[in-house]
Each structure stands twice: as C-alpha cells, then as structure tokens.
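So the structure is just underneath, and the comments pick up after that.
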Amino acid sequence: MSRPAQIRFLSRVAKAYDPVVRLLGFPPLWQAMGDIAAPGSGEVALDVCTGTGGVALDLARRGARVIGIDLAGGMLRQAGHKYNNGAASRPHFVQMDARHLAFADRAFSLVTCAMALHEMAEAERVQVLGEIRRVAGDRAVLAEYRVPYRRHRRALFRVSHAFEYAESDDFTSFLNRDFATRLEQAGFVVGDVHDVGAYRIWRCRVAP
C-alpha cells in the first residue's frame with residue numbers, strides 16, 4: 001500500500017481505530033508512554049503521528065501543553081472528539097507531515113512518537129527521526145514493536161503481523177535493523193528501555 005493510500009485508509013477507518021487497538025493493547029502503551037515521559041506541568045510537548053491522540057491526551061491529562069500532528073485528517077478529527085475535561089489542557093491537533101515539521105529547532109522539550117515508524121518506507125523513517133531529533137530540546141520517548149530475534153519466534157511474528165507487510169512499503173527493512181541503533185544514528189542517546197506487552201518504549205536524550 002502506498003503512503004497516500006495508507007493515509008486515506010486510516011482516515012476512513014478512524015472511527016473503528018480505537019476499538020481495534022484496544023484489543024491490541026494500545027491503551028496500556030499510551031499510559032506507559034505518559035509515565036515514562038513524565039511531563040512537568042505546563043511543559044511543551046509534541047506527539048508525532050498522533051493518530052487518534054492516545055499519547056497526546058495522556059500527556060495533556062498530566063498537565064503538558066501538547067500539539068499532536070498527523071497526516072490523516074480523519075484520525076485527527078477523531079482525536080478531537082475524544083478530548084474531555086479530564087485533561088488539564090486541551091491538546092491542539094494539526095495536520096502535518098512528520099518528515100517536514102513546521103517548528104523551530106529544539107521547539108519542544110519533549111517529543112513522543114508511538115507505533116508509527118514501522119508503517120513508513122526506510123527513507124521516511126530516517127527523515128522523521130531526523131525531524132524529531134531536530135525539534136526535541138531535551139528528550140524523546142518512542143514506542144515500536146518488540147521484535148523477537150530467535151528464528152522460530154521471528155517467524156511467528158511475521159505471520160501474526162501479515163497486515164503490516166501489506167500496509168507498509170518497507171516493513172521488512174524495519175524488522176532487519178535494531179531500533180536502538182536507528183535512534184543512536186539519528187543523534188539520540190538511548191536511555192531506559194521498557195517493555196509493555198508486545199511493544200517496547202525507548203526513553204532518549206538528545207545528543208549534544
């Protein structure tokens with residue numbers, strides 16, 4: 001599936017997205033992202049590829065001032081519908097290409113990105129990580145699949161994630177490179193690593 005087709009597809013299925021990802025264990029992941037990011041009250045944060053705003057809303061409930069960006073307009077509309085007064089501040093959801101973030105260098109002390117990079121072609125992944133690194137003033141918290149490396153478990157992973165192979169232009173290349181290595185090459189200092197179900201969260205500092 002091409003990237004434009006993927007964005008159109010995500011916009012069309014936005015209303016069904018949350019019920020599906022609840023079954024996949026995303027809400028505990030969103031909460032864990034907030035726990036690990038631990039934003040201070042009033043801290044300015046960016047959630048890249050926010051989808052329906054799961055991470056952005058969790059950060060806002062903790063007092064952060066959040067901008068969530070995504071290319072899929074339908075997902076952003078759904079994110080806006082999910083806002084409630086339980087959040088200390090209302091997140092702003094903006095349609096924007098993560099490869100070309102319209103923000104100044106080091107504009108956000110905190111940048112998050114959950115379960116999006118595996119959907120991209122390799123060149124896009126490099127661009128997006130570079131942009132996250134550019135606008136992050138202090139730290140970044142990123143989540144992706146916890147990819148097994150033993151042969152039989154890896155084969156099972158490939159079978160159970162057949163949809164991602166169809167959805168992404170380059171899911172195989174995502175699997176074939178260690179994610180922590182990707183982060184280091186993009187200029188991050190990888191710190192704590194946390195596993196949440198089928199997912200892994202990397203807490204990173206911005207390399208000087």
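So you can find residues: chains in the structure tokens are A, B, ... in the order shown, residues in each start at 1, and ligands are numbered from 1 in order.
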* Which of region 13-201 of chain A counts as strand (DSSP E or B) under DSSP, as a PyMOL selection string please? -> chain A and resi 44-48+65-70+92-95+108-114+136-145+188-196+199-201
Selection above as a file: N, CA and C atoms, as a short mmCIF file (atom, residue, chain, number, x, y, z; two decimals), in the first residue's frame:
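selection35.cif, freshly written:
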```
data_model
loop_
_atom_site.label_atom_id
_atom_site.label_comp_id
_atom_site.auth_asym_id
_atom_site.auth_seq_id
_atom_site.Cartn_x
_atom_site.Cartn_y
_atom_site.Cartn_z
N VAL A 44 5.94 21.94 27.27
CA VAL A 44 5.50 21.95 25.88
C VAL A 44 5.96 20.66 25.21
N ALA A 45 5.01 19.90 24.66
CA ALA A 45 5.29 18.58 24.10
C ALA A 45 4.69 18.45 22.71
N LEU A 46 5.35 17.64 21.88
CA LEU A 46 4.86 17.32 20.54
C LEU A 46 4.68 15.82 20.44
N ASP A 47 3.50 15.39 19.97
CA ASP A 47 3.26 13.98 19.70
C ASP A 47 3.20 13.78 18.20
N VAL A 48 4.19 13.11 17.66
CA VAL A 48 4.35 12.92 16.21
C VAL A 48 3.56 11.69 15.78
N ARG A 65 1.36 20.91 27.77
CA ARG A 65 0.73 21.64 26.66
C ARG A 65 1.17 20.93 25.38
N VAL A 66 0.22 20.25 24.72
CA VAL A 66 0.56 19.28 23.69
C VAL A 66 0.05 19.69 22.32
N ILE A 67 0.89 19.50 21.33
CA ILE A 67 0.48 19.54 19.93
C ILE A 67 0.62 18.12 19.39
N GLY A 68 -0.43 17.60 18.78
CA GLY A 68 -0.38 16.30 18.13
C GLY A 68 -0.49 16.49 16.62
N ILE A 69 0.44 15.90 15.88
CA ILE A 69 0.40 16.06 14.42
C ILE A 69 0.24 14.70 13.73
N ASP A 70 -0.44 14.74 12.59
CA ASP A 70 -0.65 13.53 11.79
C ASP A 70 -1.05 13.97 10.39
N HIS A 92 -3.75 20.47 20.93
CA HIS A 92 -4.04 21.01 19.61
C HIS A 92 -3.63 19.95 18.58
N PHE A 93 -4.55 19.57 17.73
CA PHE A 93 -4.28 18.56 16.72
C PHE A 93 -4.18 19.24 15.36
N VAL A 94 -3.05 19.01 14.68
CA VAL A 94 -2.72 19.72 13.46
C VAL A 94 -2.33 18.72 12.38
N GLN A 95 -2.87 18.91 11.18
CA GLN A 95 -2.49 18.05 10.05
C GLN A 95 -1.14 18.52 9.52
N PHE A 108 10.45 21.91 21.32
CA PHE A 108 9.71 21.16 22.33
C PHE A 108 10.69 20.47 23.27
N SER A 109 10.46 20.60 24.56
CA SER A 109 11.34 19.88 25.49
C SER A 109 11.09 18.38 25.43
N LEU A 110 9.88 17.99 25.03
CA LEU A 110 9.51 16.57 24.95
C LEU A 110 8.86 16.28 23.61
N VAL A 111 9.31 15.22 22.94
CA VAL A 111 8.67 14.75 21.72
C VAL A 111 8.39 13.25 21.87
N THR A 112 7.19 12.84 21.51
CA THR A 112 6.81 11.43 21.56
C THR A 112 6.38 10.94 20.18
N CYS A 113 6.51 9.64 19.99
CA CYS A 113 6.05 9.01 18.74
C CYS A 113 5.82 7.54 19.03
N ALA A 114 4.60 7.07 18.84
CA ALA A 114 4.25 5.70 19.19
C ALA A 114 3.66 4.95 18.00
N ALA A 136 13.40 18.34 19.17
CA ALA A 136 13.43 17.92 20.58
C ALA A 136 14.52 18.67 21.32
N GLY A 137 14.14 19.42 22.34
CA GLY A 137 15.12 20.18 23.09
C GLY A 137 15.74 19.44 24.24
N ASP A 138 15.07 18.39 24.71
CA ASP A 138 15.56 17.68 25.89
C ASP A 138 15.52 16.17 25.71
N ARG A 139 14.32 15.64 25.42
CA ARG A 139 14.18 14.19 25.40
C ARG A 139 13.09 13.77 24.41
N ALA A 140 13.17 12.51 24.03
CA ALA A 140 12.16 11.91 23.16
C ALA A 140 11.81 10.55 23.71
N VAL A 141 10.54 10.18 23.60
CA VAL A 141 10.06 8.88 24.03
C VAL A 141 9.37 8.24 22.85
N LEU A 142 9.89 7.08 22.42
CA LEU A 142 9.38 6.43 21.21
C LEU A 142 9.00 5.00 21.51
N ALA A 143 7.94 4.53 20.86
CA ALA A 143 7.47 3.15 21.06
C ALA A 143 7.31 2.47 19.71
N GLU A 144 7.69 1.19 19.69
CA GLU A 144 7.52 0.37 18.50
C GLU A 144 7.35 -1.09 18.93
N TYR A 145 7.19 -1.96 17.94
CA TYR A 145 7.07 -3.39 18.22
C TYR A 145 8.33 -3.90 18.92
N PHE A 188 20.27 10.40 18.95
CA PHE A 188 19.73 10.27 20.30
C PHE A 188 20.68 9.47 21.19
N VAL A 189 20.62 9.77 22.47
CA VAL A 189 21.30 8.95 23.47
C VAL A 189 20.23 8.07 24.11
N VAL A 190 20.28 6.78 23.82
CA VAL A 190 19.24 5.87 24.29
C VAL A 190 19.44 5.57 25.77
N GLY A 191 18.38 5.77 26.55
CA GLY A 191 18.44 5.51 27.98
C GLY A 191 17.65 4.28 28.36
N ASP A 192 16.67 4.47 29.23
CA ASP A 192 15.87 3.35 29.71
C ASP A 192 15.03 2.75 28.59
N VAL A 193 14.88 1.43 28.65
CA VAL A 193 14.02 0.69 27.72
C VAL A 193 12.98 -0.06 28.53
N HIS A 194 11.72 0.05 28.12
CA HIS A 194 10.62 -0.57 28.87
C HIS A 194 9.76 -1.39 27.93
N ASP A 195 9.41 -2.59 28.34
CA ASP A 195 8.52 -3.44 27.55
C ASP A 195 7.11 -3.38 28.12
N VAL A 196 6.15 -3.20 27.22
CA VAL A 196 4.73 -3.18 27.58
C VAL A 196 4.01 -4.12 26.63
N TYR A 199 5.05 -4.47 22.94
CA TYR A 199 5.68 -3.23 22.50
C TYR A 199 6.88 -2.87 23.39
N ARG A 200 7.73 -2.02 22.85
CA ARG A 200 8.91 -1.57 23.59
C ARG A 200 8.99 -0.05 23.49
N ILE A 201 9.35 0.56 24.62
CA ILE A 201 9.47 2.02 24.70
C ILE A 201 10.92 2.37 24.99
#
```
Those of chain A in DSSP alpha helix (DSSP H), formatted as a short mmCIF file (atom, residue, chain, number, x, y, z; two decimals) with C-alpha atoms, in the first residue's frame:
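Below you can see result_22.cif, which holds the result:
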```cif
data_model
loop_
_atom_site.label_atom_id
_atom_site.label_comp_id
_atom_site.auth_asym_id
_atom_site.auth_seq_id
_atom_site.Cartn_x
_atom_site.Cartn_y
_atom_site.Cartn_z
CA ARG A 3 1.79 6.11 1.66
CA PRO A 4 -1.02 8.30 0.20
CA ALA A 5 -3.30 5.26 0.04
CA GLN A 6 -2.38 4.40 3.61
CA ILE A 7 -3.28 7.89 4.82
CA ARG A 8 -6.64 7.74 3.03
CA PHE A 9 -7.30 4.31 4.53
CA LEU A 10 -6.51 5.49 8.06
CA SER A 11 -8.82 8.48 7.67
CA ARG A 12 -11.66 6.23 6.52
CA ALA A 14 -10.65 6.37 12.13
CA LYS A 15 -13.91 5.69 13.99
CA ALA A 16 -13.09 1.99 14.24
CA TYR A 17 -9.43 2.55 15.13
CA ASP A 18 -9.69 2.77 18.92
CA PRO A 19 -11.86 -0.36 19.40
CA VAL A 20 -9.34 -2.33 17.32
CA VAL A 21 -6.21 -1.06 19.04
CA ARG A 22 -7.72 -1.61 22.47
CA LEU A 23 -7.66 -5.30 21.62
CA PHE A 26 -2.54 0.20 22.95
CA PRO A 27 -4.18 1.93 25.98
CA PRO A 28 -1.62 0.48 28.45
CA LEU A 29 1.09 1.54 25.99
CA TRP A 30 -0.26 5.10 25.85
CA GLN A 31 -0.33 5.27 29.65
CA ALA A 32 3.18 3.85 29.90
CA MET A 33 4.39 6.48 27.41
CA GLY A 34 3.00 9.15 29.73
CA ASP A 35 4.55 7.52 32.81
CA ILE A 36 7.97 7.36 31.16
CA ALA A 37 7.79 10.82 29.60
CA GLY A 54 -3.94 8.40 22.68
CA VAL A 55 -0.50 9.58 23.82
CA ALA A 56 -1.25 13.29 23.34
CA LEU A 57 -4.33 13.09 25.55
CA ASP A 58 -2.44 11.19 28.25
CA LEU A 59 0.29 13.85 28.28
CA ALA A 60 -2.34 16.60 28.46
CA ARG A 61 -4.01 14.92 31.44
CA GLY A 73 -7.33 14.14 8.80
CA GLY A 74 -9.92 11.57 9.84
CA MET A 75 -7.70 10.40 12.68
CA LEU A 76 -7.20 13.97 13.89
CA ARG A 77 -10.95 14.61 13.88
CA GLN A 78 -11.44 11.51 15.98
CA ALA A 79 -8.72 12.68 18.36
CA GLY A 80 -10.54 16.00 18.77
CA HIS A 81 -13.78 14.21 19.65
CA LYS A 82 -12.01 12.28 22.43
CA GLU A 122 13.01 3.37 5.05
CA ALA A 123 13.77 6.84 3.70
CA GLU A 124 10.73 8.24 5.52
CA ARG A 125 11.81 6.68 8.80
CA VAL A 126 15.20 8.36 8.53
CA GLN A 127 13.58 11.72 7.75
CA VAL A 128 11.06 11.52 10.59
CA LEU A 129 13.67 10.52 13.18
CA GLY A 130 15.82 13.39 11.98
CA GLU A 131 12.94 15.84 12.40
CA ILE A 132 12.11 14.50 15.86
CA ARG A 133 15.76 14.95 16.81
CA ARG A 134 15.78 18.48 15.39
CA VAL A 135 12.74 19.79 17.30
CA ARG A 151 14.27 -17.70 14.48
CA HIS A 152 11.04 -19.52 15.41
CA ARG A 153 9.61 -16.55 17.30
CA ARG A 154 10.54 -14.23 14.47
CA ALA A 155 8.71 -16.49 12.01
CA LEU A 156 5.61 -16.39 14.21
CA PHE A 157 5.90 -12.61 14.45
CA ARG A 158 5.95 -12.36 10.65
CA VAL A 159 2.82 -14.50 10.34
CA SER A 160 0.92 -12.61 13.04
CA ALA A 162 0.99 -10.02 7.92
CA PHE A 163 -1.14 -6.89 7.71
CA GLU A 164 1.86 -4.65 8.39
CA TYR A 165 3.67 -6.20 5.42
CA ALA A 166 0.75 -5.16 3.21
CA GLU A 167 0.30 -1.76 4.89
CA PHE A 171 8.15 -3.30 6.92
CA THR A 172 10.88 -5.87 6.28
CA SER A 173 13.63 -3.26 6.47
CA PHE A 174 12.15 -2.05 9.75
CA LEU A 175 12.49 -5.54 11.19
CA PHE A 179 15.69 0.10 16.58
CA ALA A 180 18.06 1.34 19.27
CA THR A 181 20.78 1.53 16.62
CA ARG A 182 18.46 3.60 14.45
CA LEU A 183 17.94 6.02 17.32
CA GLU A 184 21.64 6.36 18.03
CA GLN A 185 22.39 7.00 14.37
#
```
* Kindly indicate which residue among A:Gly25, A:Ser89, A:Arg203, A:Gly63 lies nearest to Glu43 (chain A), using only C-alpha atoms for the distances. => A:Gly63
* What is the CA of Thr50 (chain A)-CA of Ala121 (chain A) distance in Å, reported with one decimal? ->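 Straight-line distance from CA of Thr50 (chain A) to CA of Ala121 (chain A) works out to 18.1 Å.
When only C-alpha atoms are used to compute distances to Arg146 (chain A), the closest of the residues A:Val13, A:Ala104, A:Ala116, A:Ala198 turns out to be A:Ala198.
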